There are 2 protein chains.
Amino acid sequence: MEMMHQSAEKNICLTIAYDGTDFFGFQSQRGSGLPTIQETLENALEKLTGAPVQICGSGRTDAGVHAWGQVVNFHTASTIPPDRYPMALLPYLPDSIAIREGKAVPPGFHARFGAKNKTYHYQFYCGRVMSPFYRRFACHVPYAIDVEAMNQAASYLTGSHDFRSFCAAATPKENFVREIYECVVEADHPEEPCLVTLKIQGNGFLWNMVRIIAGTLLEVGIGKRRPQDMPALLGLGDRRKTGKTLGPQGLFLYEVTYLE
Amino acid sequence: MEMMHQSAEKNICLTIAYDGTDFFGFQSQRGSGLPTIQETLENALEKLTGAPVQICGSGRTDAGVHAWGQVVNFHTASTIPPDRYPMALLPYLPDSIAIREGKAVPPGFHARFGAKNKTYHYQFYCGRVMSPFYRRFACHVPYAIDVEAMNQAASYLTGSHDFRSFCAAATPKENFVREIYECVVEADHPEEPCLVTLKIQGNGFLWNMVRIIAGTLLEVGIGKRRPQDMPALLGLGDRRKTGKTLGPQGLFLYEVTYLE
């Protein structure tokens, strides 16, 4: 019986976008009464399929953090065609969560363990006063910033490094080595930047790593640090020497890739 | 006495941006308990200056409509330097309203009667499912749209025309002639547009005019109308023949200009 059940089940993979502002992060906190992405999505899937569903995400995102390309998978006996999930879930989800894609994946596909690399974006809004249109989606920077200096500092982070200095609440036994494939800072306007975006892709990220990197690069941008200080910061392995952990509102889990 | 009072007063002009989603429009509805931009701003100014303030806006915006460049003026005996209003008002305003600029203007300056022309933007978000990041700021279009056809249709609206067909609840005696200086439709990506923006500048706009124009141009974009039908629609003077009034969330009062 158990085997028949298994074989009738499909493994479904969804790519989802969300405005994390009003959620207490991705991970379910059942019983707490706090809304999370996972619980909201699981409840919607249960209503749609008629059976309880447990989803597995590529990773957690903290409270207030957004996603454009979070990836989740779940096993279901439902006969709903996989590519219909984006539309079929619409009536059961708030407009702060959108399903961008649905597809069937092999039985062994696991959104967390199978993730090959992830891309995060961190957005800064530059201007004397914060734009009401970006208050949910960017960190406000009321100073002129030197994007070229930030970009130069960012370049030191590519490659394999021990990112202990860029990790919140590190435990001694952990492995802090991560490989960063790309780390760039881009501005929407070369001369008077308004929206500045840190784009970082790597094989994994430590807790708060992107937000601490963003905070450190911002300090380079406003002249409090020099780009060439980055290698020493990496070498020190001391969280107290790096920049502030910036707020969650500027952070987006942009893309997660898997081996085909 | 009255004259001395007058001469001690300054006429202050503010340029303000707001996310209109959570407001019941610009115009005060005192006593109703419904939050409006005007009342929120007047309350903030009263707290800041210590005296009741009555502001005059360049025009009303409807419930849910946004502004990047709404202009207001008010007379005050306060000695706060005009350029300090953006920062001074910060503690008294929600983050959905931002003061972009403050300056002293001549005693006769009137934000409404002095307005020379206005620019509105209307944003469309194209994609099968709506992006959570644009749900407050764009009209969702789940179809492919022909931006070039929309732009061609838009070009027929420039110049002086009787815009009766593009006005909600027209009253017979009103003058419906308005001059449109620019009317263009732009896409962020030429081949696969995601964000499409109608930009329209004119010497004045009738009630719901931009939202009805946006709805009519969208019908051109999805092939329900031809660009060359626009002159006939203008000539008919019949609101029932033009497109739907699109939702307020895509509309922005972008800029108001005055004679220097």
# chains A, B, ... in the order shown; residues from 1 in each chain; ligands from 1
>>> interface_residues(of="chain B", to="chain A", cutoff="10 Å", atoms="only C-alpha atoms", output="number ranges by chain")
B: 16-20, 66-68, 86-87, 90, 94-101, 127-137
>>> residues_around(residues="region 58-61 of chain B", least_positions_apart="2", cutoff="8 Å", atoms="only C-alpha atoms", output="PyMOL selection string")
chain B and resi 25-27+56+63+65-66+70-72+111-113+115+253+256
>>> write_last_selection(atoms="C-alpha atoms", output="PDB file, in the first residue's frame")
ATOM      1  CA  GLY B  25      -7.700  60.295  -1.553  1.00  0.00           C
ATOM      2  CA  PHE B  26      -6.065  63.674  -1.173  1.00  0.00           C
ATOM      3  CA  GLN B  27      -8.971  65.811  -0.044  1.00  0.00           C
ATOM      4  CA  CYS B  56      -4.124  73.961  -0.715  1.00  0.00           C
ATOM      5  CA  ALA B  63      -8.530  57.099  -3.262  1.00  0.00           C
ATOM      6  CA  VAL B  65      -3.901  57.184  -6.415  1.00  0.00           C
ATOM      7  CA  HIS B  66      -0.235  58.028  -5.766  1.00  0.00           C
ATOM      8  CA  GLN B  70       1.980  66.710  -5.760  1.00  0.00           C
ATOM      9  CA  VAL B  71       2.352  70.413  -4.894  1.00  0.00           C
ATOM     10  CA  VAL B  72       0.695  72.165  -1.954  1.00  0.00           C
ATOM     11  CA  ALA B 111      -0.949  75.649  -5.834  1.00  0.00           C
ATOM     12  CA  ARG B 112      -4.265  75.048  -7.596  1.00  0.00           C
ATOM     13  CA  PHE B 113      -4.980  78.195  -9.607  1.00  0.00           C
ATOM     14  CA  ALA B 115      -0.728  75.266 -11.902  1.00  0.00           C
ATOM     15  CA  LEU B 253       0.488  62.492 -10.225  1.00  0.00           C
ATOM     16  CA  VAL B 256       2.974  69.900 -11.570  1.00  0.00           C
TER      17      VAL B 256
END
>>> residues_around(residues="region 156-168 of chain A", least_positions_apart="3", cutoff="10 Å", atoms="only C-alpha atoms", output="MDAnalysis selection string")
chainID A and resid 151:153 171:172 174:184 200:203 205:216 227:231 233:245
>>> atom_distance(atom1="CA of Gly204 (chain B)", atom2="CA of Thr119 (chain B)")
9.1 Å
>>> atom_distance(atom1="CA of His75 (chain A)", atom2="CA of Asn11 (chain A)")
4.5 Å
>>> atom_distance(atom1="CA of Asn73 (chain A)", atom2="CA of Tyr85 (chain A)")
12.1 Å
>>> select_by_dssp(residues="region 175-236 of chain B", states="strand (DSSP E)", output="list in words")
Val177, Arg178, Glu179, Ile180, Tyr181, Glu182, Cys183, Val184, Val185, Glu186, Ala187, Leu195, Val196, Thr197, Leu198, Lys199, Ile200, Gln201 and Gly202 of chain B
>>> write_last_selection(atoms="N, CA and C atoms", output="compact mmCIF listing (two decimals), in the first residue's frame")
# COMPACT_ATOMS: atom_id res chain seq x y z
N VAL B 177 -12.76 70.86 -22.99
CA VAL B 177 -11.57 71.01 -23.82
C VAL B 177 -10.31 71.09 -22.95
N ARG B 178 -9.37 70.24 -23.27
CA ARG B 178 -8.08 70.27 -22.59
C ARG B 178 -6.99 70.14 -23.66
N GLU B 179 -5.83 70.71 -23.34
CA GLU B 179 -4.72 70.57 -24.27
C GLU B 179 -3.71 69.58 -23.71
N ILE B 180 -3.39 68.59 -24.54
CA ILE B 180 -2.40 67.58 -24.14
C ILE B 180 -1.11 67.86 -24.88
N TYR B 181 -0.04 68.06 -24.13
CA TYR B 181 1.25 68.41 -24.73
C TYR B 181 2.05 67.17 -25.12
N GLU B 182 1.89 66.13 -24.31
CA GLU B 182 2.64 64.91 -24.60
C GLU B 182 1.81 63.72 -24.13
N CYS B 183 1.82 62.66 -24.93
CA CYS B 183 1.12 61.45 -24.54
C CYS B 183 1.86 60.27 -25.19
N VAL B 184 2.65 59.57 -24.38
CA VAL B 184 3.47 58.48 -24.91
C VAL B 184 3.35 57.24 -24.03
N VAL B 185 3.59 56.09 -24.65
CA VAL B 185 3.58 54.83 -23.91
C VAL B 185 4.97 54.22 -24.06
N GLU B 186 5.62 53.95 -22.93
CA GLU B 186 6.99 53.44 -22.95
C GLU B 186 7.09 52.11 -22.22
N ALA B 187 7.94 51.23 -22.75
CA ALA B 187 8.16 49.93 -22.11
C ALA B 187 9.58 49.85 -21.58
N LEU B 195 7.26 46.29 -17.46
CA LEU B 195 6.63 47.49 -16.94
C LEU B 195 6.39 48.45 -18.11
N VAL B 196 5.12 48.81 -18.31
CA VAL B 196 4.75 49.71 -19.41
C VAL B 196 4.13 50.95 -18.79
N THR B 197 4.60 52.12 -19.21
CA THR B 197 4.15 53.36 -18.57
C THR B 197 3.56 54.34 -19.58
N LEU B 198 2.33 54.77 -19.31
CA LEU B 198 1.71 55.86 -20.06
C LEU B 198 2.13 57.15 -19.39
N LYS B 199 2.71 58.08 -20.17
CA LYS B 199 3.11 59.38 -19.63
C LYS B 199 2.31 60.45 -20.36
N ILE B 200 1.57 61.24 -19.61
CA ILE B 200 0.70 62.22 -20.25
C ILE B 200 0.80 63.56 -19.53
N GLN B 201 1.05 64.58 -20.34
CA GLN B 201 1.17 65.93 -19.79
C GLN B 201 0.18 66.84 -20.48
N GLY B 202 -0.51 67.66 -19.70
CA GLY B 202 -1.49 68.56 -20.29
C GLY B 202 -1.79 69.73 -19.39
